[in-house]
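As structure tokens, the structure follows; a few thoughts come after it.
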Amino acid sequence: MSTKNDILSNIRRHTGQTYDMPVIEPAAIQYPDAVARFAEVIKSVGGSAIELQEGEDINERIISLYPEAATIASNLPGIRIATINPDEVETPHQLNGTALAVVQGEVGVAENGCVWIPQNVKEKAVYFIAEYLIILLDKNKIVSNMHEAYRKIRFNDNGFGVFISGPSKTADIEQALVVGAHGAKGVVVLLTT
Amino acid sequence: MPHATFGLFVPCYVNALYPEAGVATWRLLEYLGVDADYPTGQTCCGQPMANAGFEREAVPLVKQFHSLFARYDFIITPSASCAVFVKEHLEEMNGRLYEICEYLHDVAKVETLPGKFAHKVSIHNSCHGVRKLRLSSASERMEPHYSKLKKLLYMVEGIEVVEPANADECCGFGGMFSIEEPAVSVCMGHDKLKNHLATGAQYITGADSSCLMHLQGIARREKMPARFIHIAQILAAGL
Amino acid sequence: MNAKHSEAAARFIQNRALEEWHNETLFLVRKKRDSQAITLPEWEQLRQLASQIKMHTITHLDKYLEQFALRAEANGAIVHWAKDAREHNEIIHALLRERQVGKLVKSKSMLTEECHLNPYLISKGIEVVESDLGERILQLMNKPPSHIVMPAIHIKRQEVGKLFEEKLHTEKGNSHPDYLAHAARLHLRNEFLTAAAALTGANFGVAATGDVVVCTNEGNADMGTSFPKLHIVSMGIEKVTPDYQALSVFIRLLARSATGQPATAYTSHYRKPRKGCEMHIILVDNGRSDIIGNPDHIQALKCIRCAACMNTCPVYRRSGGYSYTYFIPGPIGINLGMLKSPGEYAGNVSACSLCYSCNNVCPAQIDLADQIYKWRQQLDSLGKADRTKKLISGGLKYIFTRPGLYNTALRLAPIINKSPRFLIYNNLDAWGKGRELPAFAKESFTQMWKKGKIKQHP
């Protein structure tokens with residue numbers, strides 16, 4: 001406790017002129033077609049956004065995208081093709097080797113291709129360990145910018161959430177872009193209505 | 001302002017090395033109907049010492065500047081960086097002290113110039129000119145593109161104006177920086193020159209002779225075919 | 001120690017090919033930043049807001065830190081306070097020792113670099129694994145980062161290839177980045193699965209919610225924290241931000257400024273420990289609270305560590321991170337080093353041509369160049385001023401305050417054909433290293449004026 005008090009009192013002792021919090025209402029960008037912009041940006045960051053057509057079966061669509069995925073992790077009720085339920089693993093380590101994970105996103109952001117995913121599985125590892133990731137997102141939940149997104153995001157009891165914008169990547173060797181550093185090597189956002 | 005008085009401030013190195021830039025500045029003012037005075041006691045504004053970390057050595061020079069120039073309504077100079085330095089150290093000079101292009105563009109609002117300069121010129125945007133005096137938009141700032149220098153140059157007949165790649169990257173002069181960090185300074189100047197020459201321009205021009213002096217030194221050493229001219233000399237062509 | 005940036009920079013430039021590559025590659029990153037920034041008409045407004053939010057937060061830091069700590073603890077995290085590097089390192093070691101952790105996997109944290117955590121833990125027998133690819137490469141090479149976002153920017157692929165052959169048993173002679181990055185993925189996957197604790201830095205701590213926000217492209221922070229029972233967060237006290245609306249401003253600026261991406265691939269919010277696991281947050285002062293009381297340099301605390309100032313700095317690009325003696329190079333590093341220990345890091349202050357490009361790119365509008373200018377004014381009293389510059393400056397003042405002498409010198413200069421030493425700063429060696437001296441005009445402007453030549457047209 002004494003360190004805490006020392007730090008806080010040192011802060012108070014040194015604080016001179018104070019500044020007010022600004023009103024945070026920038027004239028933030030609005031896209032006339034946020035869905036189209038979202039798809040464009042996702043593409044630019046190495047992912048893709050695909051609209052599920054009316055009447056199209058989501059499972060078939062996923063299989064057509066990743067026909068060779070042997071292990072598919074998902075806890076979503078509609079994903080019949082799942083081979084692992086990440087809610088039922090005993091340790092997150094058991095998710096190692098997952099070829100494809102299918103997860104639910106809650107908010108999409110047109111300006112940067114981010115999708116908000118509140119942890120709604122037992123082990124958050126599933127979002128990162130799978131070789132490929134499919135994020136389901138209601139296209140009506142795409143907003144233009146991060147200010148709007150931060151007003152909308154919610155957590156559940158797991159207390160973790162992540163904005164994912166495209167696949168995992170690195171440019172740490174000579175600034176050459178390599179997709180698939182530690183997380184997913186590919187990200188598809190499947191837009192639903 | 002028919003009865004306004006004008007003092008001409010010719011920075012030390014322009015005075016000694018590039019007096020023609022001072023002459024051109026005076027002629028431009030004359031063209032505008034101004035009979036500018038030149039107080040002969042002037043030496044240096046103090047910038048080199050201050051940028052090197054010896055602002056206190058510069059204080060008497062700033063005072064000297066004040067005692068020489070305070071009596072004029074307008075003070076005009078052919079150096080962006082000296083103009084910035086004086087304005088930052090003598091608040092009362094704001095709105096009175098102008099770099100010549102700034103004066104022509106913002107205050108006199110010239111629309112035409114009588115001269116002819118049938119050459120291709122590459123603009124050397126100096127850091128203090130761009131980021132302090134705002135003679136042109138800065139590439140880092142998301143603002144509409146403009147260049148007061150370009151606009152003025154295009155008033156001269158026959159001219160073709162270009163800019164080098166990375167048009168507002170520093171050339172590496174930086175006053176005492178050029179002495180304390182010679183390797184980086186020369187490297188920066190070399191890169192800048194390459195970009196200027198790649199435009200195919202016959203002349204490199206700008207509002208700061210100090211940058212041009214540095215580039216000229218490198219061009220001569222490396223035997224690069226570059227010619228330099230202060231922008232006031234082009235604008236005053238034929239005057 | 002007062003190693004000079006200028007000398008180290010000269011050595012870096014001797015390898016002209018590497019210098020050119022370094023310079024051009026980083027300038028490309030700067031241009032990518034530009035092309036992202038221009039997509040947002042509100043860009044300059046965001047920078048202004050970021051600056052204002054930071055100034056507000058820094059000058060109400062006690063309130064926000066207490067709020068953050070309260071929220072985080074209500075969420076189930078345990079908050080520790082560390083006055084300095086030693087306390088920070090000891091807290092971490094105690095956490096690991098008490099839980100008998102043998103291996104710690106880390107994601108990138110400049111703060112732990114600042115605190116020299118790795119050597120400390122290694123000396124205590126703990127295995128420390130950096131998981132950011134660039135950091136891992138450097139750790140295996142036993143080298144420090146040369147850039148805070150692209151830590152291995154100075155290393156060529158062939159060097160990485162050789163290193164991985166030796167350490168990860170990759171194919172001989174294969175230095176393709178795809179191949180090497182994939183090898184690192186497999187190698188580090190194993191480390192993630194076997195480490196008993198994970199350490200991350202924090203890009204932001206949100207006072208209103210207690211969230212720790214970590215931004216990465218690789219997903220290494222997320223992989224690291226997904227398996228072990230213990231997650232330790234090292235967070236500088238200036239990283240706290242009031243709420244989500246404030247955070248949204250920084251998130252919009254950070255990746256665009258840093259790498260020219262619209263967002264990092266992962267923006268992770270750690271609010272609670274994983275079920276059955278622990279999350280410990282260490283709030284580290286280490287000199288930050290003193291900076292609040294320094295009006296000339298308080299703005300250094302606005303930094304969000306994006307490195308845009310490095311990428312735009314013409315001196316950094318041509319001299320490389322190792323030519324600076326502080327572990328953070330470039331404009332912000334010059335300032336942070338001086339705030340840490342002026343005696344030790346004064347040799348970096350020359351590494352600035354005062355071009356002010358850094359001020360313009362900084363997403364938080366830090367007055368970086370102005371601060372460097374101010375440090376220069378203090379070097380003499382610190383006994384760290386460059387002797388040559390001091391002599392020249394004194395000499396310049398002597399002559400410039402004596403207009404008669406000055407005018408005599410001007411008149412004589414072309415005649416005696418000797419360089420006007422006071423004008424070319426008296427250090428002919430330094431000027432002459434790559435430049436010819438300027439030629440003197442036959443007559444100075446003053447002489448022409450006195451002779452009435454100016455008003456008289458030829």
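Ligands are numbered from 1 in the order shown, chains are lettered A, B, ... in the order of the structure tokens, and residues start at 1 in each chain.
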(request) Kindly determine which residues of chain B lie within 7 Å of chain C, considering only C-alpha atoms, and give the answer as an NGL selection string. (result) :B and (13 or 15-19 or 22-23 or 40-44 or 49 or 51-55 or 57-58 or 61 or 127-128 or 131 or 140-142 or 170 or 172-174 or 177-184 or 186 or 213 or 217-218 or 220-221)
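Excluding range 90-107 of chain A itself and any same-chain residue fewer than 2 positions from it, the protein and nucleic acid residues within 7 Å of it, counting only C-alpha atoms, are Ala69, Ala70, Thr71, Ile72, Ala73, Ser74, Glu88, Val109, Val115, Trp116, Ile117, Glu123, Ala125, Val126, Ile129, Ala130, Glu131, Tyr132, Leu133, Ile134, Ile135, Leu136, Leu137, Lys141, Ile142, Ala149 and Ile153 of chain A; Leu193 and Phe227 of chain C.
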(request) Would you return as a list in words the members of range 35-145 of chain C that DSSP assigns to strand (DSSP E or B) on this structure's backbone? (result) Ile78, Val79, His80, Trp81, Ala82, Lys103, Leu104, Val105, Lys106, Glu127, Val128, Val129 and Glu130 of chain C
Let's have the selection written as an mmCIF file, in the first residue's frame, with N, CA, C and O atoms.
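Done, and the output landed in part.cif:
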data_model
loop_
_atom_site.group_PDB
_atom_site.id
_atom_site.type_symbol
_atom_site.label_atom_id
_atom_site.label_comp_id
_atom_site.auth_asym_id
_atom_site.auth_seq_id
_atom_site.Cartn_x
_atom_site.Cartn_y
_atom_site.Cartn_z
ATOM 1 N N ILE C 78 -5.634 -8.519 -9.858
ATOM 2 C CA ILE C 78 -4.909 -8.017 -8.681
ATOM 3 C C ILE C 78 -3.957 -6.935 -9.156
ATOM 4 O O ILE C 78 -3.202 -7.136 -10.116
ATOM 5 N N VAL C 79 -4.039 -5.777 -8.511
ATOM 6 C CA VAL C 79 -3.245 -4.636 -8.960
ATOM 7 C C VAL C 79 -2.069 -4.423 -8.014
ATOM 8 O O VAL C 79 -2.237 -4.414 -6.793
ATOM 9 N N HIS C 80 -0.889 -4.276 -8.610
ATOM 10 C CA HIS C 80 0.323 -3.979 -7.842
ATOM 11 C C HIS C 80 0.844 -2.615 -8.276
ATOM 12 O O HIS C 80 0.604 -2.181 -9.388
ATOM 13 N N TRP C 81 1.573 -1.984 -7.378
ATOM 14 C CA TRP C 81 2.159 -0.679 -7.702
ATOM 15 C C TRP C 81 3.666 -0.785 -7.564
ATOM 16 O O TRP C 81 4.155 -1.306 -6.561
ATOM 17 N N ALA C 82 4.372 -0.290 -8.557
ATOM 18 C CA ALA C 82 5.839 -0.355 -8.508
ATOM 19 C C ALA C 82 6.417 1.033 -8.720
ATOM 20 O O ALA C 82 6.123 1.685 -9.717
ATOM 21 N N LYS C 103 8.804 -21.243 -16.845
ATOM 22 C CA LYS C 103 8.917 -20.575 -18.151
ATOM 23 C C LYS C 103 7.842 -19.499 -18.293
ATOM 24 O O LYS C 103 6.660 -19.735 -18.054
ATOM 25 N N LEU C 104 8.309 -18.310 -18.708
ATOM 26 C CA LEU C 104 7.416 -17.167 -18.912
ATOM 27 C C LEU C 104 7.453 -16.801 -20.394
ATOM 28 O O LEU C 104 8.519 -16.616 -20.973
ATOM 29 N N VAL C 105 6.266 -16.689 -20.993
ATOM 30 C CA VAL C 105 6.228 -16.261 -22.390
ATOM 31 C C VAL C 105 5.749 -14.810 -22.419
ATOM 32 O O VAL C 105 4.802 -14.436 -21.730
ATOM 33 N N LYS C 106 6.454 -13.996 -23.192
ATOM 34 C CA LYS C 106 6.179 -12.549 -23.189
ATOM 35 C C LYS C 106 5.719 -12.071 -24.548
ATOM 36 O O LYS C 106 6.202 -12.524 -25.575
ATOM 37 N N GLU C 127 13.112 -19.189 -17.286
ATOM 38 C CA GLU C 127 13.251 -19.154 -18.737
ATOM 39 C C GLU C 127 12.282 -18.102 -19.287
ATOM 40 O O GLU C 127 11.084 -18.141 -18.982
ATOM 41 N N VAL C 128 12.793 -17.168 -20.065
ATOM 42 C CA VAL C 128 11.962 -16.096 -20.606
ATOM 43 C C VAL C 128 11.939 -16.217 -22.119
ATOM 44 O O VAL C 128 12.985 -16.266 -22.756
ATOM 45 N N VAL C 129 10.741 -16.273 -22.695
ATOM 46 C CA VAL C 129 10.631 -16.430 -24.147
ATOM 47 C C VAL C 129 9.867 -15.241 -24.719
ATOM 48 O O VAL C 129 8.693 -15.029 -24.413
ATOM 49 N N GLU C 130 10.545 -14.473 -25.548
ATOM 50 C CA GLU C 130 9.860 -13.396 -26.275
ATOM 51 C C GLU C 130 9.058 -14.036 -27.397
ATOM 52 O O GLU C 130 9.540 -14.954 -28.066
#
Spatial neighbours of Ile328 in chain C, max dist 10 Å, only C-alpha atoms, sep filter under 2 positions, as a PDB file with all heavy atoms, in the first residue's frame:
ATOM      1  N   MET C 110       7.735  -2.492 -24.120  1.00  0.00           N
ATOM      2  CA  MET C 110       8.876  -1.595 -23.993  1.00  0.00           C
ATOM      3  C   MET C 110       9.164  -1.309 -22.521  1.00  0.00           C
ATOM      4  O   MET C 110      10.279  -1.003 -22.148  1.00  0.00           O
ATOM      5  CB  MET C 110       8.637  -0.281 -24.760  1.00  0.00           C
ATOM      6  CG  MET C 110       8.536  -0.426 -26.278  1.00  0.00           C
ATOM      7  SD  MET C 110       9.686  -1.597 -27.020  1.00  0.00           S
ATOM      8  CE  MET C 110      11.229  -0.744 -26.862  1.00  0.00           C
ATOM      9  N   GLU C 113      11.494  -3.770 -21.158  1.00  0.00           N
ATOM     10  CA  GLU C 113      12.812  -3.424 -21.700  1.00  0.00           C
ATOM     11  C   GLU C 113      13.428  -2.311 -20.829  1.00  0.00           C
ATOM     12  O   GLU C 113      14.594  -2.370 -20.437  1.00  0.00           O
ATOM     13  CB  GLU C 113      12.613  -2.950 -23.138  1.00  0.00           C
ATOM     14  CG  GLU C 113      13.823  -2.998 -24.043  1.00  0.00           C
ATOM     15  CD  GLU C 113      14.222  -4.414 -24.445  1.00  0.00           C
ATOM     16  OE1 GLU C 113      13.339  -5.229 -24.812  1.00  0.00           O
ATOM     17  OE2 GLU C 113      15.409  -4.687 -24.374  1.00  0.00           O
ATOM     18  N   GLU C 114      12.595  -1.319 -20.547  1.00  0.00           N
ATOM     19  CA  GLU C 114      13.019  -0.195 -19.702  1.00  0.00           C
ATOM     20  C   GLU C 114      13.489  -0.688 -18.328  1.00  0.00           C
ATOM     21  O   GLU C 114      14.429  -0.155 -17.751  1.00  0.00           O
ATOM     22  CB  GLU C 114      11.825   0.782 -19.555  1.00  0.00           C
ATOM     23  CG  GLU C 114      12.033   1.974 -18.656  1.00  0.00           C
ATOM     24  CD  GLU C 114      10.736   2.816 -18.527  1.00  0.00           C
ATOM     25  OE1 GLU C 114       9.982   2.927 -19.513  1.00  0.00           O
ATOM     26  OE2 GLU C 114      10.482   3.352 -17.431  1.00  0.00           O
ATOM     27  N   PRO C 145      16.321  -4.295 -29.173  1.00  0.00           N
ATOM     28  CA  PRO C 145      15.568  -3.763 -30.317  1.00  0.00           C
ATOM     29  C   PRO C 145      16.186  -2.455 -30.822  1.00  0.00           C
ATOM     30  O   PRO C 145      16.794  -1.722 -30.059  1.00  0.00           O
ATOM     31  CB  PRO C 145      14.170  -3.505 -29.758  1.00  0.00           C
ATOM     32  CG  PRO C 145      14.295  -3.533 -28.268  1.00  0.00           C
ATOM     33  CD  PRO C 145      15.518  -4.301 -27.943  1.00  0.00           C
ATOM     34  N   SER C 146      16.020  -2.200 -32.129  1.00  0.00           N
ATOM     35  CA  SER C 146      16.538  -0.937 -32.668  1.00  0.00           C
ATOM     36  C   SER C 146      15.401   0.007 -33.062  1.00  0.00           C
ATOM     37  O   SER C 146      15.633   1.086 -33.576  1.00  0.00           O
ATOM     38  CB  SER C 146      17.448  -1.191 -33.873  1.00  0.00           C
ATOM     39  OG  SER C 146      16.687  -1.484 -35.025  1.00  0.00           O
ATOM     40  N   HIS C 147      14.170  -0.447 -32.837  1.00  0.00           N
ATOM     41  CA  HIS C 147      12.988   0.344 -33.191  1.00  0.00           C
ATOM     42  C   HIS C 147      11.900  -0.185 -32.269  1.00  0.00           C
ATOM     43  O   HIS C 147      11.906  -1.371 -31.934  1.00  0.00           O
ATOM     44  CB  HIS C 147      12.650   0.086 -34.667  1.00  0.00           C
ATOM     45  CG  HIS C 147      11.514   0.896 -35.238  1.00  0.00           C
ATOM     46  ND1 HIS C 147      10.202   0.653 -34.945  1.00  0.00           N
ATOM     47  CD2 HIS C 147      11.515   1.932 -36.119  1.00  0.00           C
ATOM     48  CE1 HIS C 147       9.425   1.513 -35.625  1.00  0.00           C
ATOM     49  NE2 HIS C 147      10.204   2.301 -36.335  1.00  0.00           N
ATOM     50  N   ILE C 148      10.967   0.655 -31.842  1.00  0.00           N
ATOM     51  CA  ILE C 148      10.038   0.167 -30.819  1.00  0.00           C
ATOM     52  C   ILE C 148       8.837  -0.570 -31.391  1.00  0.00           C
ATOM     53  O   ILE C 148       8.145  -1.267 -30.656  1.00  0.00           O
ATOM     54  CB  ILE C 148       9.575   1.307 -29.866  1.00  0.00           C
ATOM     55  CG1 ILE C 148       8.802   2.382 -30.613  1.00  0.00           C
ATOM     56  CG2 ILE C 148      10.759   1.901 -29.126  1.00  0.00           C
ATOM     57  CD1 ILE C 148       8.134   3.394 -29.679  1.00  0.00           C
ATOM     58  N   ARG C 305       3.644   5.364 -28.030  1.00  0.00           N
ATOM     59  CA  ARG C 305       4.648   4.406 -28.521  1.00  0.00           C
ATOM     60  C   ARG C 305       4.322   3.861 -29.916  1.00  0.00           C
ATOM     61  O   ARG C 305       4.397   2.667 -30.158  1.00  0.00           O
ATOM     62  CB  ARG C 305       4.804   3.240 -27.542  1.00  0.00           C
ATOM     63  CG  ARG C 305       5.205   3.624 -26.121  1.00  0.00           C
ATOM     64  CD  ARG C 305       6.635   4.154 -26.041  1.00  0.00           C
ATOM     65  NE  ARG C 305       7.079   4.271 -24.653  1.00  0.00           N
ATOM     66  CZ  ARG C 305       6.957   5.379 -23.898  1.00  0.00           C
ATOM     67  NH1 ARG C 305       6.391   6.472 -24.390  1.00  0.00           N
ATOM     68  NH2 ARG C 305       7.408   5.392 -22.657  1.00  0.00           N
ATOM     69  N   ALA C 307       5.867   5.092 -32.710  1.00  0.00           N
ATOM     70  CA  ALA C 307       7.117   5.176 -33.486  1.00  0.00           C
ATOM     71  C   ALA C 307       6.985   5.958 -34.793  1.00  0.00           C
ATOM     72  O   ALA C 307       7.904   5.930 -35.611  1.00  0.00           O
ATOM     73  CB  ALA C 307       7.707   3.801 -33.755  1.00  0.00           C
ATOM     74  N   MET C 310       9.907   8.119 -35.313  1.00  0.00           N
ATOM     75  CA  MET C 310      11.127   7.471 -35.808  1.00  0.00           C
ATOM     76  C   MET C 310      11.071   7.311 -37.322  1.00  0.00           C
ATOM     77  O   MET C 310      12.039   7.565 -38.031  1.00  0.00           O
ATOM     78  CB  MET C 310      11.291   6.093 -35.170  1.00  0.00           C
ATOM     79  CG  MET C 310      11.640   6.190 -33.708  1.00  0.00           C
ATOM     80  SD  MET C 310      11.369   4.649 -32.835  1.00  0.00           S
ATOM     81  CE  MET C 310      10.955   5.354 -31.243  1.00  0.00           C
ATOM     82  N   GLY C 321      18.747   2.543 -35.031  1.00  0.00           N
ATOM     83  CA  GLY C 321      18.418   2.618 -33.613  1.00  0.00           C
ATOM     84  C   GLY C 321      19.620   2.488 -32.682  1.00  0.00           C
ATOM     85  O   GLY C 321      19.638   3.069 -31.600  1.00  0.00           O
ATOM     86  N   TYR C 322      20.618   1.737 -33.111  1.00  0.00           N
ATOM     87  CA  TYR C 322      21.748   1.509 -32.206  1.00  0.00           C
ATOM     88  C   TYR C 322      22.671   2.721 -32.076  1.00  0.00           C
ATOM     89  O   TYR C 322      23.556   2.730 -31.235  1.00  0.00           O
ATOM     90  CB  TYR C 322      22.574   0.306 -32.674  1.00  0.00           C
ATOM     91  CG  TYR C 322      21.899  -1.028 -32.520  1.00  0.00           C
ATOM     92  CD1 TYR C 322      22.438  -2.173 -33.100  1.00  0.00           C
ATOM     93  CD2 TYR C 322      20.722  -1.168 -31.782  1.00  0.00           C
ATOM     94  CE1 TYR C 322      21.835  -3.415 -32.970  1.00  0.00           C
ATOM     95  CE2 TYR C 322      20.105  -2.398 -31.650  1.00  0.00           C
ATOM     96  CZ  TYR C 322      20.664  -3.525 -32.244  1.00  0.00           C
ATOM     97  OH  TYR C 322      20.055  -4.751 -32.113  1.00  0.00           O
ATOM     98  N   TYR C 324      21.724   5.467 -31.071  1.00  0.00           N
ATOM     99  CA  TYR C 324      21.237   6.190 -29.887  1.00  0.00           C
ATOM    100  C   TYR C 324      21.561   5.335 -28.661  1.00  0.00           C
ATOM    101  O   TYR C 324      21.446   4.110 -28.725  1.00  0.00           O
ATOM    102  CB  TYR C 324      19.722   6.405 -29.956  1.00  0.00           C
ATOM    103  CG  TYR C 324      19.246   7.171 -31.164  1.00  0.00           C
ATOM    104  CD1 TYR C 324      19.196   6.565 -32.415  1.00  0.00           C
ATOM    105  CD2 TYR C 324      18.840   8.498 -31.052  1.00  0.00           C
ATOM    106  CE1 TYR C 324      18.750   7.267 -33.533  1.00  0.00           C
ATOM    107  CE2 TYR C 324      18.387   9.200 -32.158  1.00  0.00           C
ATOM    108  CZ  TYR C 324      18.343   8.579 -33.396  1.00  0.00           C
ATOM    109  OH  TYR C 324      17.891   9.259 -34.488  1.00  0.00           O
ATOM    110  N   THR C 325      21.915   5.987 -27.555  1.00  0.00           N
ATOM    111  CA  THR C 325      22.307   5.196 -26.387  1.00  0.00           C
ATOM    112  C   THR C 325      21.127   4.811 -25.507  1.00  0.00           C
ATOM    113  O   THR C 325      21.220   3.880 -24.725  1.00  0.00           O
ATOM    114  CB  THR C 325      23.338   5.954 -25.526  1.00  0.00           C
ATOM    115  OG1 THR C 325      22.854   7.287 -25.316  1.00  0.00           O
ATOM    116  CG2 THR C 325      24.679   5.985 -26.230  1.00  0.00           C
ATOM    117  N   TYR C 326      20.000   5.519 -25.631  1.00  0.00           N
ATOM    118  CA  TYR C 326      18.831   5.120 -24.850  1.00  0.00           C
ATOM    119  C   TYR C 326      18.110   4.005 -25.609  1.00  0.00           C
ATOM    120  O   TYR C 326      18.167   3.954 -26.833  1.00  0.00           O
ATOM    121  CB  TYR C 326      17.909   6.325 -24.625  1.00  0.00           C
ATOM    122  CG  TYR C 326      16.859   6.091 -23.562  1.00  0.00           C
ATOM    123  CD1 TYR C 326      17.213   5.699 -22.278  1.00  0.00           C
ATOM    124  CD2 TYR C 326      15.501   6.264 -23.845  1.00  0.00           C
ATOM    125  CE1 TYR C 326      16.249   5.482 -21.302  1.00  0.00           C
ATOM    126  CE2 TYR C 326      14.530   6.050 -22.863  1.00  0.00           C
ATOM    127  CZ  TYR C 326      14.918   5.656 -21.603  1.00  0.00           C
ATOM    128  OH  TYR C 326      13.959   5.437 -20.647  1.00  0.00           O
ATOM    129  N   GLY C 330      15.295   7.684 -31.729  1.00  0.00           N
ATOM    130  CA  GLY C 330      14.485   8.661 -32.455  1.00  0.00           C
ATOM    131  C   GLY C 330      14.076   9.828 -31.577  1.00  0.00           C
ATOM    132  O   GLY C 330      14.502   9.961 -30.428  1.00  0.00           O
ATOM    133  N   PRO C 331      13.228  10.703 -32.113  1.00  0.00           N
ATOM    134  CA  PRO C 331      12.856  11.918 -31.383  1.00  0.00           C
ATOM    135  C   PRO C 331      12.293  11.666 -29.981  1.00  0.00           C
ATOM    136  O   PRO C 331      12.733  12.292 -29.018  1.00  0.00           O
ATOM    137  CB  PRO C 331      11.798  12.554 -32.296  1.00  0.00           C
ATOM    138  CG  PRO C 331      12.198  12.107 -33.675  1.00  0.00           C
ATOM    139  CD  PRO C 331      12.717  10.706 -33.499  1.00  0.00           C
ATOM    140  N   ILE C 332      11.363  10.737 -29.852  1.00  0.00           N
ATOM    141  CA  ILE C 332      10.813  10.511 -28.509  1.00  0.00           C
ATOM    142  C   ILE C 332      11.873   9.913 -27.592  1.00  0.00           C
ATOM    143  O   ILE C 332      11.939  10.237 -26.402  1.00  0.00           O
ATOM    144  CB  ILE C 332       9.523   9.632 -28.550  1.00  0.00           C
ATOM    145  CG1 ILE C 332       8.867   9.553 -27.175  1.00  0.00           C
ATOM    146  CG2 ILE C 332       9.814   8.228 -29.074  1.00  0.00           C
ATOM    147  CD1 ILE C 332       8.361  10.848 -26.608  1.00  0.00           C
ATOM    148  N   GLY C 333      12.735   9.074 -28.153  1.00  0.00           N
ATOM    149  CA  GLY C 333      13.789   8.454 -27.351  1.00  0.00           C
ATOM    150  C   GLY C 333      14.814   9.461 -26.850  1.00  0.00           C
ATOM    151  O   GLY C 333      15.306   9.346 -25.720  1.00  0.00           O
ATOM    152  N   ILE C 334      15.139  10.447 -27.690  1.00  0.00           N
ATOM    153  CA  ILE C 334      16.067  11.489 -27.246  1.00  0.00           C
ATOM    154  C   ILE C 334      15.503  12.138 -25.987  1.00  0.00           C
ATOM    155  O   ILE C 334      16.189  12.326 -24.983  1.00  0.00           O
ATOM    156  CB  ILE C 334      16.256  12.558 -28.346  1.00  0.00           C
ATOM    157  CG1 ILE C 334      16.971  11.950 -29.564  1.00  0.00           C
ATOM    158  CG2 ILE C 334      17.044  13.755 -27.812  1.00  0.00           C
ATOM    159  CD1 ILE C 334      17.022  12.888 -30.778  1.00  0.00           C
ATOM    160  N   ASN C 335      14.215  12.455 -26.039  1.00  0.00           N
ATOM    161  CA  ASN C 335      13.581  13.145 -24.912  1.00  0.00           C
ATOM    162  C   ASN C 335      13.411  12.244 -23.692  1.00  0.00           C
ATOM    163  O   ASN C 335      13.684  12.659 -22.568  1.00  0.00           O
ATOM    164  CB  ASN C 335      12.232  13.721 -25.351  1.00  0.00           C
ATOM    165  CG  ASN C 335      12.412  14.931 -26.249  1.00  0.00           C
ATOM    166  OD1 ASN C 335      13.107  15.876 -25.879  1.00  0.00           O
ATOM    167  ND2 ASN C 335      11.829  14.908 -27.442  1.00  0.00           N
ATOM    168  N   LEU C 336      12.975  11.022 -23.920  1.00  0.00           N
ATOM    169  CA  LEU C 336      12.781  10.132 -22.770  1.00  0.00           C
ATOM    170  C   LEU C 336      14.115   9.790 -22.113  1.00  0.00           C
ATOM    171  O   LEU C 336      14.206   9.674 -20.894  1.00  0.00           O
ATOM    172  CB  LEU C 336      12.035   8.864 -23.197  1.00  0.00           C
ATOM    173  CG  LEU C 336      10.572   9.079 -23.600  1.00  0.00           C
ATOM    174  CD1 LEU C 336       9.972   7.787 -24.163  1.00  0.00           C
ATOM    175  CD2 LEU C 336       9.732   9.565 -22.414  1.00  0.00           C
ATOM    176  N   GLY C 337      15.144   9.656 -22.924  1.00  0.00           N
ATOM    177  CA  GLY C 337      16.474   9.382 -22.371  1.00  0.00           C
ATOM    178  C   GLY C 337      16.940  10.525 -21.482  1.00  0.00           C
ATOM    179  O   GLY C 337      17.440  10.309 -20.378  1.00  0.00           O
TER     180      GLY C 337
END
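Between CA of Gly206 in chain B and CA of Leu28 in chain C lies a distance of 25.7 Å.
Going from CA of Arg71 in chain B over to CA of Val14 in chain B, you cover 22.7 Å.
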(request) For Leu193 in chain B, list every protein, DNA or RNA residue within 10 Å, evaluated using only C-alpha atoms, and leave out those in the same chain fewer than 6 positions away; present the list as number ranges by chain. (result) B: 124, 164, 171, 187, 204, 215-216, 218-219, 224-226
(message) I want to know what sits within 8 Å of Phe6 in chain B, based on only C-alpha atoms, with residues of the same chain fewer than 3 positions away left out; could you give that as a PyMOL selection string?
(response) chain B and resi 34-37+72-76
(request) List the neighbours of Gln67 in chain C out to 10 Å using only C-alpha atoms; skip same-chain residues closer than 2 positions along the sequence, and give me the result as a list in words. (result) Leu61, Asp62, Lys63, Tyr64, Leu65, Ala69, Leu70, Arg71, Ala72, Glu73, Val206, Ala207, Ala208, Thr209, Gly210, Val240 and Pro242 of chain C
